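**Q** To be precise about what I am sending: the file is called model19.txt and holds compact mmCIF, C-alpha atoms.
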```txt
# COMPACT_ATOMS: atom_id res chain seq x y z
CA MET A 83 30.00 -41.52 -138.25
CA SER A 84 29.51 -39.26 -135.25
CA HIS A 85 27.68 -40.54 -132.20
CA SER A 86 25.80 -37.24 -132.19
CA ASP A 87 23.39 -36.12 -134.85
CA ASN A 88 24.76 -34.87 -138.15
CA THR A 89 23.64 -31.24 -137.82
CA PRO A 90 26.71 -29.06 -138.45
CA LEU A 91 25.38 -26.11 -136.41
CA PHE A 92 26.62 -25.33 -132.88
CA TYR A 93 25.82 -22.34 -130.70
CA VAL A 94 28.84 -21.01 -128.82
CA TYR A 95 28.29 -19.45 -125.41
CA VAL A 96 30.55 -17.40 -123.19
CA CYS A 97 30.05 -18.33 -119.53
CA PRO A 98 31.83 -15.84 -117.25
CA ASP A 99 30.60 -17.76 -114.19
CA ALA A 100 28.41 -20.72 -113.23
CA THR A 101 25.14 -18.80 -113.68
CA GLN A 102 25.63 -16.40 -116.60
CA ARG A 103 25.83 -17.46 -120.25
CA TYR A 104 25.79 -15.30 -123.35
CA LEU A 105 25.33 -16.49 -126.90
CA SER A 106 28.52 -15.27 -128.57
CA GLY A 107 28.41 -16.83 -132.01
CA ILE A 108 27.48 -19.62 -134.37
CA LEU A 109 29.85 -22.40 -135.36
CA THR A 110 29.17 -24.36 -138.52
CA TYR A 111 31.34 -27.45 -138.45
CA HIS A 112 31.51 -29.97 -141.31
CA GLU A 113 33.73 -32.54 -139.65
CA SER A 114 33.89 -34.97 -142.57
CA ALA A 115 35.11 -32.15 -144.83
CA ALA A 116 37.41 -30.75 -142.12
CA ILE A 117 36.15 -27.19 -142.37
CA SER A 118 34.30 -24.83 -140.05
CA THR A 119 33.12 -21.24 -139.95
CA PHE A 120 32.45 -19.04 -136.95
CA GLN A 121 30.73 -15.69 -136.71
CA TYR A 122 29.78 -13.55 -133.74
CA VAL A 123 26.10 -12.83 -133.35
CA ARG A 124 25.18 -9.17 -133.54
CA SER A 125 23.97 -8.95 -129.95
CA TYR A 126 27.38 -10.10 -128.71
CA ARG A 127 29.33 -7.82 -131.04
CA GLU A 128 27.39 -4.83 -129.73
CA ARG A 129 28.05 -5.53 -126.05
CA ASP A 130 31.10 -3.53 -124.98
CA ASP A 131 31.20 -5.34 -121.63
CA LEU A 132 31.69 -8.79 -123.21
CA PRO A 133 35.17 -9.80 -124.41
CA PRO A 134 36.28 -11.42 -127.67
CA ILE A 135 36.76 -15.18 -127.47
CA ALA A 136 40.47 -14.92 -128.25
CA PRO A 137 43.09 -12.13 -128.41
CA MET A 138 44.22 -12.66 -132.02
CA PRO A 139 43.22 -9.88 -134.48
CA ALA A 140 40.95 -12.23 -136.48
CA TRP A 141 38.86 -12.78 -133.35
CA ARG A 142 38.20 -9.12 -132.63
CA LYS A 143 34.49 -8.42 -132.38
CA ASP A 144 34.86 -5.74 -135.04
CA GLY A 145 37.06 -8.01 -137.16
CA PRO A 146 36.20 -10.25 -140.13
CA PRO A 147 32.50 -11.17 -140.18
CA ILE A 148 33.22 -14.87 -140.73
CA LEU A 149 36.25 -16.91 -139.68
CA THR A 150 37.00 -20.04 -141.70
CA GLN A 151 39.24 -22.87 -140.50
CA THR A 152 40.60 -25.90 -142.31
CA MET A 153 43.44 -26.86 -139.93
CA ASN A 154 43.10 -29.06 -136.84
CA ARG A 155 40.49 -31.28 -138.47
CA GLY A 156 38.63 -28.14 -139.43
CA LEU A 157 37.96 -26.81 -135.93
CA THR A 158 39.07 -23.30 -134.98
CA GLY A 159 41.83 -23.20 -132.38
CA PRO A 160 40.12 -21.33 -129.50
CA ILE A 161 37.13 -23.67 -129.74
CA ARG A 162 39.36 -26.74 -130.02
CA ASP A 163 41.06 -25.56 -126.81
CA ALA A 164 37.74 -26.02 -124.96
CA LEU A 165 37.50 -29.72 -125.86
CA PRO A 166 38.93 -32.69 -123.93
CA ASP A 167 42.29 -33.95 -125.12
CA TYR A 168 43.27 -37.63 -125.23
CA TRP A 169 42.54 -38.50 -121.60
CA GLY A 170 39.11 -36.86 -121.51
CA THR A 171 38.28 -38.47 -124.84
CA LEU A 172 39.30 -41.88 -123.51
CA VAL A 173 37.01 -41.52 -120.47
CA TYR A 174 34.15 -40.39 -122.71
CA ALA A 175 34.64 -43.37 -125.02
CA LYS A 176 34.98 -45.96 -122.25
CA ASN A 177 31.82 -44.67 -120.58
CA LEU A 178 29.90 -45.17 -123.83
CA GLY A 179 31.59 -48.49 -124.55
CA ILE A 180 33.04 -47.34 -127.87
CA ALA A 181 36.53 -47.14 -129.35
CA VAL A 182 38.40 -43.94 -128.52
CA GLU A 183 39.40 -43.66 -132.21
CA SER A 184 35.74 -43.32 -133.19
CA VAL A 185 35.10 -40.23 -131.06
CA GLN A 186 34.83 -37.08 -133.15
CA PHE A 187 35.19 -33.42 -132.27
CA SER A 188 31.45 -32.96 -132.82
CA ASP A 189 30.84 -35.53 -130.05
CA LEU A 190 33.11 -33.65 -127.67
CA LEU A 191 31.49 -30.31 -128.46
CA GLN A 192 28.26 -31.56 -126.94
CA ALA A 193 29.66 -33.89 -124.27
CA ASP A 194 28.17 -33.39 -120.82
CA VAL A 195 31.18 -31.96 -119.02
CA GLN A 196 31.31 -29.12 -116.52
CA ASP A 197 34.99 -28.30 -116.27
CA ARG A 198 35.99 -27.30 -119.81
CA PRO A 199 39.11 -25.14 -119.97
CA GLY A 200 38.34 -21.46 -120.32
CA PHE A 201 34.88 -19.92 -120.49
CA LEU A 202 33.16 -21.48 -123.53
CA ALA A 203 30.20 -23.86 -123.67
CA PHE A 204 28.26 -25.28 -126.60
CA SER A 205 24.71 -26.23 -127.53
CA ARG A 206 22.91 -27.71 -130.53
CA ASP A 207 19.61 -26.05 -129.69
CA LEU A 208 19.18 -22.30 -129.54
CA GLU A 209 16.16 -22.76 -127.25
CA SER A 210 18.18 -24.63 -124.62
CA ALA A 211 21.42 -22.96 -123.55
CA PRO A 212 24.07 -25.25 -122.07
CA VAL A 213 23.44 -26.10 -118.44
CA ILE A 214 26.34 -25.63 -116.06
CA PRO A 215 25.67 -27.99 -113.14
CA ALA A 216 25.89 -26.80 -109.57
CA PRO A 217 29.25 -27.48 -107.89
CA VAL A 218 29.56 -31.12 -106.80
CA ASN A 219 32.28 -33.57 -105.92
CA ARG A 220 34.32 -31.59 -103.46
CA THR A 221 37.32 -33.43 -102.09
CA ASP A 222 35.36 -33.93 -98.85
CA ASP A 223 32.85 -35.95 -100.92
CA VAL A 224 35.60 -38.29 -102.11
CA PRO A 225 36.58 -40.47 -99.14
CA ASP A 226 39.61 -41.93 -100.87
CA LEU A 227 41.19 -40.83 -104.12
CA SER A 228 42.70 -44.32 -104.26
CA ALA A 229 39.32 -45.63 -105.47
CA ILE A 230 39.38 -43.13 -108.33
CA VAL A 231 42.96 -44.10 -109.17
CA GLN A 232 41.88 -47.75 -109.33
CA ALA A 233 39.06 -46.88 -111.73
CA VAL A 234 41.40 -44.73 -113.79
CA GLU A 235 44.02 -47.47 -114.11
CA SER A 236 41.30 -49.80 -115.39
CA LEU A 237 40.29 -47.18 -117.95
CA GLU A 238 43.86 -47.07 -119.23
CA GLN A 239 43.84 -50.79 -120.04
CA GLU A 240 43.01 -52.06 -123.50
CA GLY A 241 39.50 -53.32 -124.11
CA PRO A 242 36.39 -52.90 -121.93
CA SER A 243 36.86 -51.44 -118.48
CA SER A 244 37.24 -54.20 -115.87
CA TYR A 245 36.45 -51.85 -112.99
CA PRO A 246 32.80 -50.82 -112.44
CA LEU A 247 32.67 -47.13 -113.31
CA GLN A 248 29.50 -46.45 -111.39
CA PRO A 249 29.11 -44.63 -109.10
CA LEU A 250 32.22 -42.83 -110.38
CA ALA A 251 31.19 -42.62 -114.05
CA ASP A 252 29.49 -39.22 -113.83
CA PHE A 253 32.32 -37.88 -111.71
CA LEU A 254 34.95 -39.02 -114.20
CA VAL A 255 33.14 -37.94 -117.36
CA GLN A 256 32.21 -34.50 -116.07
CA ARG A 257 35.59 -33.80 -114.52
CA THR A 258 38.12 -34.91 -117.13
CA SER A 259 37.91 -32.36 -119.94
CA MET A 260 41.28 -30.73 -119.29
CA GLY A 261 44.02 -31.34 -121.86
CA GLY A 262 46.80 -33.86 -122.05
CA ALA A 263 47.22 -37.61 -122.29
CA ARG A 264 47.79 -38.44 -118.61
CA PRO A 265 44.86 -39.20 -116.27
CA LYS A 266 43.47 -36.18 -114.47
CA LEU A 267 40.25 -34.69 -113.18
CA SER A 268 39.02 -31.50 -111.54
CA VAL A 269 38.12 -31.48 -107.86
CA TYR A 270 37.06 -28.84 -105.35
CA HIS A 271 39.70 -28.48 -102.66
CA GLN A 272 40.06 -25.82 -99.98
CA GLY A 273 37.13 -23.92 -101.48
CA GLN A 274 38.75 -23.68 -104.94
CA MET A 275 38.83 -25.75 -108.12
CA TRP A 276 42.02 -27.77 -108.51
CA LEU A 277 43.32 -30.17 -111.13
CA ALA A 278 44.21 -33.60 -109.74
CA LYS A 279 46.84 -35.33 -111.87
CA LEU A 280 46.69 -39.05 -111.13
CA PRO A 281 49.31 -41.79 -111.36
CA ALA A 282 49.25 -43.87 -114.53
CA TYR A 283 49.56 -47.63 -114.30
CA ARG A 284 52.66 -47.69 -116.53
CA ASP A 285 54.57 -45.13 -114.46
CA SER A 286 58.06 -46.26 -113.48
CA TYR A 287 58.46 -43.49 -110.87
CA ASP A 288 56.29 -41.17 -108.79
CA VAL A 289 55.42 -38.60 -111.46
CA GLY A 290 53.32 -36.46 -109.11
CA LEU A 291 56.13 -36.10 -106.60
CA LEU A 292 58.61 -35.10 -109.31
CA GLU A 293 56.21 -32.52 -110.71
CA GLN A 294 55.70 -31.01 -107.25
CA ALA A 295 59.48 -30.81 -106.78
CA THR A 296 59.91 -29.13 -110.15
CA MET A 297 57.18 -26.59 -109.43
CA ILE A 298 58.78 -25.71 -106.10
CA LEU A 299 62.08 -25.10 -107.90
CA ALA A 300 60.31 -23.10 -110.62
CA ARG A 301 58.81 -20.80 -108.00
CA ARG A 302 62.26 -20.32 -106.47
CA ALA A 303 63.47 -19.35 -109.95
CA GLY A 304 60.91 -16.53 -110.08
CA ILE A 305 58.34 -18.32 -112.28
CA THR A 306 54.64 -17.73 -111.65
CA THR A 307 52.92 -21.04 -110.89
CA PRO A 308 49.56 -22.08 -109.48
CA ASN A 309 49.34 -23.28 -105.89
CA THR A 310 50.29 -26.97 -105.84
CA GLU A 311 50.12 -29.81 -103.32
CA LEU A 312 50.69 -33.54 -103.04
CA TYR A 313 47.87 -35.89 -102.00
CA PRO A 314 49.36 -39.15 -100.65
CA LEU A 315 47.76 -42.43 -101.67
CA GLN A 316 47.63 -45.52 -99.48
CA ASP A 317 50.13 -47.35 -101.71
CA GLY A 318 52.79 -44.66 -101.27
CA ARG A 319 52.25 -42.89 -104.59
CA HIS A 320 50.98 -39.32 -104.90
CA VAL A 321 48.32 -37.34 -106.70
CA PHE A 322 49.62 -33.95 -107.85
CA LEU A 323 47.11 -31.17 -107.12
CA SER A 324 47.37 -27.86 -108.98
CA GLN A 325 44.94 -24.99 -108.50
CA ARG A 326 43.20 -24.12 -111.77
CA PHE A 327 44.15 -20.65 -112.98
CA ASP A 328 41.15 -20.35 -115.32
CA ARG A 329 38.80 -20.44 -112.31
CA VAL A 330 38.73 -17.67 -109.71
CA GLY A 331 36.64 -17.72 -106.54
CA THR A 332 34.65 -20.22 -104.51
CA PRO A 333 32.34 -22.86 -106.03
CA GLU A 334 29.32 -20.72 -105.18
CA ASN A 335 30.79 -17.61 -106.80
CA MET A 336 33.35 -18.75 -109.34
CA GLN A 337 34.54 -16.77 -112.35
CA HIS A 338 35.52 -18.58 -115.56
CA LEU A 339 38.46 -16.98 -117.37
CA ALA A 340 39.02 -17.27 -121.11
CA MET A 341 42.03 -19.40 -122.01
CA VAL A 342 43.77 -19.85 -125.38
CA SER A 343 46.66 -22.25 -126.00
CA GLY A 344 49.97 -21.25 -127.53
CA LEU A 345 49.10 -23.47 -130.50
CA SER A 346 45.98 -21.43 -131.22
CA LEU A 347 47.77 -18.17 -130.47
CA LEU A 348 50.26 -18.91 -133.27
CA ASN A 349 47.50 -20.28 -135.55
CA LEU A 350 49.24 -23.60 -136.08
CA ASP A 351 47.91 -27.08 -136.75
CA GLU A 352 48.47 -29.89 -134.24
CA SER A 353 51.07 -31.32 -136.62
CA GLU A 354 52.97 -28.02 -136.80
CA ASN A 355 54.13 -27.73 -133.19
CA ARG A 356 57.80 -27.68 -134.26
CA LEU A 357 57.13 -24.48 -136.21
CA GLY A 358 56.36 -22.69 -132.96
CA SER A 359 58.92 -20.84 -130.89
CA TYR A 360 59.38 -18.99 -127.63
CA PRO A 361 60.29 -15.75 -129.44
CA ASP A 362 57.06 -15.94 -131.47
CA LEU A 363 55.01 -16.42 -128.30
CA ALA A 364 56.85 -13.53 -126.65
CA ASN A 365 56.17 -11.25 -129.62
CA HIS A 366 52.44 -11.99 -129.32
CA LEU A 367 52.50 -11.23 -125.59
CA ARG A 368 54.20 -7.91 -126.25
CA MET A 369 51.56 -7.08 -128.89
CA PHE A 370 48.87 -7.65 -126.22
CA GLY A 371 50.77 -5.35 -123.87
CA ASP A 372 51.95 -8.15 -121.55
CA LEU A 373 55.59 -7.05 -121.36
CA SER A 374 56.24 -8.76 -118.04
CA GLY A 375 54.77 -11.97 -119.48
CA ALA A 376 57.21 -11.84 -122.39
CA THR A 377 60.11 -11.53 -119.94
CA GLU A 378 58.80 -14.36 -117.77
CA LEU A 379 58.43 -16.55 -120.85
CA PHE A 380 62.19 -16.24 -121.33
CA ARG A 381 62.68 -17.33 -117.71
CA ARG A 382 60.45 -20.37 -118.33
CA MET A 383 62.35 -21.26 -121.48
CA ILE A 384 65.63 -21.19 -119.57
CA PHE A 385 64.18 -23.25 -116.73
CA ASN A 386 62.77 -25.84 -119.15
CA TRP A 387 66.22 -26.16 -120.70
CA LEU A 388 67.92 -26.49 -117.31
CA VAL A 389 65.61 -29.32 -116.12
CA ARG A 390 65.36 -30.97 -119.55
CA ASN A 391 61.61 -30.43 -119.85
CA THR A 392 61.25 -31.61 -123.45
CA ASP A 393 57.44 -31.69 -123.22
CA ASP A 394 57.18 -27.90 -123.49
CA HIS A 395 54.92 -28.05 -126.57
CA LEU A 396 52.59 -25.22 -127.55
CA ARG A 397 49.59 -26.67 -125.71
CA ASN A 398 51.65 -26.43 -122.53
CA HIS A 399 51.69 -22.66 -122.89
CA ALA A 400 48.60 -20.46 -122.69
CA VAL A 401 47.22 -16.98 -122.30
CA ILE A 402 44.24 -16.08 -120.15
CA LEU A 403 41.89 -13.12 -120.02
CA GLY A 404 42.55 -11.78 -116.53
CA VAL A 405 39.94 -10.36 -114.19
CA ASP A 406 41.26 -6.92 -115.17
CA GLY A 407 40.18 -7.53 -118.77
CA THR A 408 43.67 -7.86 -120.28
CA TRP A 409 45.16 -10.89 -122.02
CA GLN A 410 48.23 -12.18 -120.25
CA LEU A 411 50.53 -15.17 -119.94
CA SER A 412 48.98 -17.87 -117.78
CA PRO A 413 50.81 -19.33 -114.79
CA ALA A 414 53.23 -22.09 -115.73
CA TYR A 415 52.04 -25.69 -115.86
CA ASP A 416 53.14 -29.18 -116.95
CA ILE A 417 56.84 -28.68 -116.16
CA ASN A 418 58.44 -32.09 -115.78
CA PRO A 419 62.08 -33.17 -116.01
CA THR A 420 63.26 -35.83 -118.45
CA HIS A 421 65.59 -38.44 -116.99
CA SER A 422 69.21 -38.12 -118.13
CA ARG A 423 72.27 -40.30 -117.65
CA PRO A 424 75.91 -39.21 -117.94
CA GLY A 425 77.32 -39.56 -121.42
CA LEU A 426 73.93 -40.17 -123.03
CA HIS A 427 71.80 -37.57 -124.78
CA THR A 428 74.01 -34.72 -123.63
CA GLN A 429 72.65 -32.80 -126.61
CA PHE A 430 68.89 -32.51 -126.85
CA ASP A 431 66.08 -30.39 -128.28
CA LEU A 432 63.11 -28.73 -126.66
CA SER A 433 59.68 -29.13 -128.23
CA ILE A 434 59.63 -25.63 -129.75
CA ALA A 435 62.38 -23.29 -130.92
CA LEU A 436 64.45 -21.26 -128.46
CA GLY A 437 66.24 -18.99 -130.93
CA LYS A 438 68.10 -18.75 -134.21
CA GLU A 439 69.27 -22.37 -134.03
CA GLY A 440 65.76 -23.72 -133.73
CA ARG A 441 64.92 -26.24 -131.03
CA GLN A 442 68.54 -26.93 -130.05
CA ALA A 443 68.73 -26.74 -126.25
CA THR A 444 71.90 -24.72 -125.70
CA LEU A 445 72.67 -21.51 -123.85
CA GLN A 446 73.98 -19.92 -127.04
CA ASN A 447 70.70 -20.59 -128.81
CA ALA A 448 68.62 -19.42 -125.84
CA LEU A 449 70.47 -16.09 -125.83
CA SER A 450 70.31 -15.56 -129.59
CA MET A 451 66.97 -13.67 -129.73
CA VAL A 452 66.64 -12.04 -126.31
CA GLU A 453 65.25 -8.84 -127.82
CA ALA A 454 62.02 -10.69 -128.66
CA PHE A 455 61.47 -11.04 -124.90
CA GLY A 456 62.11 -7.36 -124.24
CA LEU A 457 65.57 -8.05 -122.80
CA ASP A 458 69.14 -7.07 -123.50
CA ARG A 459 71.99 -9.56 -123.23
CA SER A 460 72.95 -8.53 -119.70
CA GLU A 461 69.38 -8.84 -118.39
CA ALA A 462 68.95 -12.22 -120.06
CA THR A 463 72.21 -13.53 -118.61
CA HIS A 464 71.14 -12.39 -115.16
CA ILE A 465 67.91 -14.42 -115.47
CA VAL A 466 69.92 -17.48 -116.53
CA HIS A 467 72.02 -17.22 -113.39
CA GLU A 468 68.98 -16.75 -111.17
CA CYS A 469 67.48 -19.96 -112.55
CA CYS A 470 70.75 -21.82 -112.10
CA GLU A 471 71.07 -20.65 -108.50
CA ALA A 472 67.48 -21.71 -107.75
CA LEU A 473 68.24 -25.21 -108.97
CA GLN A 474 71.18 -25.64 -106.59
CA GLY A 475 68.71 -26.70 -103.91
CA TRP A 476 67.12 -29.49 -105.92
CA ARG A 477 68.45 -32.30 -103.70
CA ALA A 478 66.99 -30.78 -100.52
CA VAL A 479 63.61 -30.33 -102.21
CA LEU A 480 63.43 -33.97 -103.29
CA GLN A 481 64.63 -35.08 -99.85
CA ASP A 482 61.98 -32.97 -98.10
CA LEU A 483 59.30 -34.60 -100.27
CA GLY A 484 60.40 -38.02 -99.07
CA LEU A 485 62.39 -39.36 -102.00
CA SER A 486 65.03 -41.99 -101.17
CA GLN A 487 68.71 -41.24 -101.70
CA LYS A 488 68.79 -43.79 -104.52
CA ASP A 489 65.92 -42.05 -106.31
CA ILE A 490 67.47 -38.64 -105.72
CA ASN A 491 70.68 -39.84 -107.35
CA PHE A 492 68.61 -41.15 -110.28
CA TRP A 493 67.55 -37.55 -111.11
CA GLU A 494 70.89 -35.87 -110.52
CA HIS A 495 71.87 -35.28 -114.13
CA SER A 496 68.42 -33.98 -115.08
CA PHE A 497 68.39 -31.31 -112.38
CA SER A 498 72.05 -30.34 -112.13
CA ASP A 499 74.06 -30.86 -115.32
CA GLN A 500 73.05 -27.76 -117.28
CA SER A 501 73.10 -25.36 -114.34
CA LYS A 502 76.45 -26.72 -113.09
CA ASN A 503 77.98 -26.13 -116.51
CA VAL A 504 76.71 -22.55 -116.63
CA LEU A 505 77.87 -21.67 -113.13
CA SER A 506 81.27 -23.34 -113.51
CA SER A 507 81.95 -21.52 -116.79
CA ASN A 508 81.43 -18.18 -115.01
CA SER A 509 83.32 -18.98 -111.81
```
Starting from the coordinates I provided, produce the structure as structure tokens.
**A**
Amino acid sequence: MSHSDNTPLFYVYVCPDATQRYLSGILTYHESAAISTFQYVRSYRERDDLPPIAPMPAWRKDGPPILTQTMNRGLTGPIRDALPDYWGTLVYAKNLGIAVESVQFSDLLQADVQDRPGFLAFSRDLESAPVIPAPVNRTDDVPDLSAIVQAVESLEQEGPSSYPLQPLADFLVQRTSMGGARPKLSVYHQGQMWLAKLPAYRDSYDVGLLEQATMILARRAGITTPNTELYPLQDGRHVFLSQRFDRVGTPENMQHLAMVSGLSLLNLDESENRLGSYPDLANHLRMFGDLSGATELFRRMIFNWLVRNTDDHLRNHAVILGVDGTWQLSPAYDINPTHSRPGLHTQFDLSIALGKEGRQATLQNALSMVEAFGLDRSEATHIVHECCEALQGWRAVLQDLGLSQKDINFWEHSFSDQSKNVLSSNS
């Protein structure tokens, strides 16, 4: 049974900034039956200055009057994208002292969080629109992120939290709605909203440092990324900071941009990730008119293959509604290498399909459907070589970030094997 009341009705608001909110539609969600319906309210349909919630044809304001969903536990994709994923759900459950398995989507729809992805907010009561709290918890207000990491590591343990959440409870609950299973929270930093990705207590290496290295290399390969930084902890580990691309401006004047995951874009259930593909995503981008995004998606696919990023699932791709009013590929995020050893797992798959041979991570497969990305074979091959050349400096990047020679050697085959093979075959 839900920890909220059993009323199936939710009011869905579009919040373009921290002060404005517009009732966009009504969601009727029968969670036990795994079915929902959504319909725009007339006042929102008639406003030419207000955008659709999502770019897919079914979500056009002049589209079908009622959208029905039975996948994803019955919740429509663009609305599901605005809910916390596993980590945010865990924090919510621990704060209430309940099992994470008992938390339902209807609980998360009305959870008191202020950093939901995108620009949606929800309310049970038409008379009381959702309140978006004033900006709090800037990094200057957090004297030591180490204290938050200690609380987070306690939250990850089985059973009741052994670390007193207060006075951090409100901070953690309100700031952890972004997706994914790893611990993270939103913080204000340098006058902007950033995502702080924290170490997990089971980590066998410095995940934040490796992600920063990979993002530096991705930028060198011509991939659009958010601004990123490392925040050093007292114990030598690092928090990875990444500027949120669905927030634009200062805390006092911040715009909220709509965001839709690749999973929702392709109208797939959580269990159907393997049915997704880079060419399908590229075709959708081209339909929206984002031709440069389709080309960059190919570059990201190649880079993910080269660094063995096998966590490139559809929720790790997104589109955003830019400030210019067009839907476009979001900056890249969650790019992490998988450790590889010589002679082991030389053949591997990515999370979604690259080409005609499905998820098989090979150059031949990656080049098999280049037309979907708006490329010809020569252009695609040129991008492959640019990515390979960018990765030649991986050792210096890791060294500059302070990694020991032993740890650098540990990652050698992840960062260099694929690109070395490509470059040597064309020498």
**Q** Measuring atom to atom with only C-alpha atoms, identify which of A:Gly318, A:Pro361, A:Gly475, A:Gly371 is nearest to A:Val452.
**A**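 The answer is A:Pro361, which sits nearest to A:Val452.
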**Q** Each residue of stretch 298-332 of chain A lying at most 10 Å from stretch 199-212 of chain A should get a row with its shortest atom-to-atom pair and the distance in Å to one decimal, counting all atoms listed in the file; could you produce that, ordered by chain and increasing number, as a Markdown table?
**A**
```
| residue | atom | partner | partner_atom | distance |
| --- | --- | --- | --- | --- |
| A:Arg326 | CA | A:Pro199 | CA | 9.2 |
| A:Phe327 | CA | A:Gly200 | CA | 9.4 |
| A:Asp328 | CA | A:Gly200 | CA | 5.8 |
| A:Arg329 | CA | A:Gly200 | CA | 8.1 |
```
**Q** Which residues are close to A:Arg162, i.e. within 10 Å by only C-alpha atoms, leaving aside same-chain residues fewer than 2 positions away? Reply as a ChimeraX atom specification.
**A** /A:154-160,164-167,187,190-191,342-343,346
**Q** Based on the selection just made, write C-alpha atoms of those residues as a PDB file, in the frame of the given file.
**A**
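What landed in selection16.pdb:
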```pdb
ATOM      1  CA  ASN A 154      43.100 -29.060-136.840  1.00  0.00           C
ATOM      2  CA  ARG A 155      40.490 -31.280-138.470  1.00  0.00           C
ATOM      3  CA  GLY A 156      38.630 -28.140-139.430  1.00  0.00           C
ATOM      4  CA  LEU A 157      37.960 -26.810-135.930  1.00  0.00           C
ATOM      5  CA  THR A 158      39.070 -23.300-134.980  1.00  0.00           C
ATOM      6  CA  GLY A 159      41.830 -23.200-132.380  1.00  0.00           C
ATOM      7  CA  PRO A 160      40.120 -21.330-129.500  1.00  0.00           C
ATOM      8  CA  ALA A 164      37.740 -26.020-124.960  1.00  0.00           C
ATOM      9  CA  LEU A 165      37.500 -29.720-125.860  1.00  0.00           C
ATOM     10  CA  PRO A 166      38.930 -32.690-123.930  1.00  0.00           C
ATOM     11  CA  ASP A 167      42.290 -33.950-125.120  1.00  0.00           C
ATOM     12  CA  PHE A 187      35.190 -33.420-132.270  1.00  0.00           C
ATOM     13  CA  LEU A 190      33.110 -33.650-127.670  1.00  0.00           C
ATOM     14  CA  LEU A 191      31.490 -30.310-128.460  1.00  0.00           C
ATOM     15  CA  VAL A 342      43.770 -19.850-125.380  1.00  0.00           C
ATOM     16  CA  SER A 343      46.660 -22.250-126.000  1.00  0.00           C
ATOM     17  CA  SER A 346      45.980 -21.430-131.220  1.00  0.00           C
TER      18      SER A 346
END
```
**Q** I want to know what sits within 8 Å of A:Leu280, based on all atoms listed in the file, with residues of the same chain fewer than 3 positions away left out; could you give that as a ChimeraX atom specification?
**A** /A:231,264-266,290,320-322
**Q** Rounded to one decimal, what separation in Å do you get between atom CA of A:Thr152 and atom CA of A:Ser118?
**A**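 One can read the atom CA of A:Thr152 to atom CA of A:Ser118 distance as 6.8 Å.
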**Q** Can you tell me, as a PyMOL selection string, which residues sit within 12 Å of (57.0, -24.8, -133.0) in the file's frame, using only C-alpha atoms?
**A** chain A and resi 344-363+393-399+431-437+440-441
**Q** I'd like the contact shell of A:Ala282 - 10 Å cut-off, only C-alpha atoms, skipping same-chain residues fewer than 3 positions apart - returned as an MDAnalysis selection string.
**A** chainID A and resid 231:232 234:236 238 264:266 279 285:289
**Q** Counting only C-alpha atoms, find residues at most 6 Å from (30.6, -27.1, -141.4) (file frame) and give them as a list of chain:residue names.
**A** A:Pro90, A:Thr110, A:Tyr111, A:His112, A:Ile117, A:Ser118
**Q** Determine the nearest neighbour of A:Gln102 from the options A:Arg319, A:Arg302, A:Arg390, A:Gln337, counting all atoms listed in the file.
**A**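 Looking only at the distances to A:Gln102, the closest residue turns out to be A:Gln337.
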**Q** Could you check how far atom CA of A:Val185 sits from atom CA of A:Thr171, in Å to one decimal?
**A**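 Interatomic distance here is 7.2 Å.
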**Q** Find the residues near stretch 485-500 of chain A: any atom within 12 Å, counting all atoms listed in the file, skip ones fewer than 4 places away on the same chain, and give them as a ChimeraX atom specification.
**A** /A:286-292,294-296,299-300,318-320,384-392,418-430,443-445,466-467,469-481,504-507
**Q** Nearest residue to A:His366 out of A:Tyr126, A:Phe455, A:Phe92, A:Tyr415, using only C-alpha atoms?
**A**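 Among A:Tyr126, A:Phe455, A:Phe92, A:Tyr415, it is A:Phe455 that comes nearest to A:His366.
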**Q** Do you have the atom CA of A:Pro98-atom CA of A:Ile161 distance handy?
**A**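 Computed distance, atom CA of A:Pro98 to atom CA of A:Ile161, equals 15.7 Å.
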**Q** From the list A:Asn177, A:Gln274, A:Asn365, A:Ser114, which residue is nearest A:Ala233 when using all atoms listed in the file?
**A**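 Smallest separation from A:Ala233 among the options: A:Asn177.
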**Q** Pick the closest to A:Leu315 from A:Val401, A:Ile230, A:Asp416, A:Tyr270: which is it, counting all atoms listed in the file?
**A**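 Among the listed residues, A:Ile230 lies closest to A:Leu315.
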**Q** Counting all atoms listed in the file, which residue out of A:Ala340, A:Ala454, A:Leu373, A:Ala448 sits closest to A:Ala400?
**A** A:Ala340
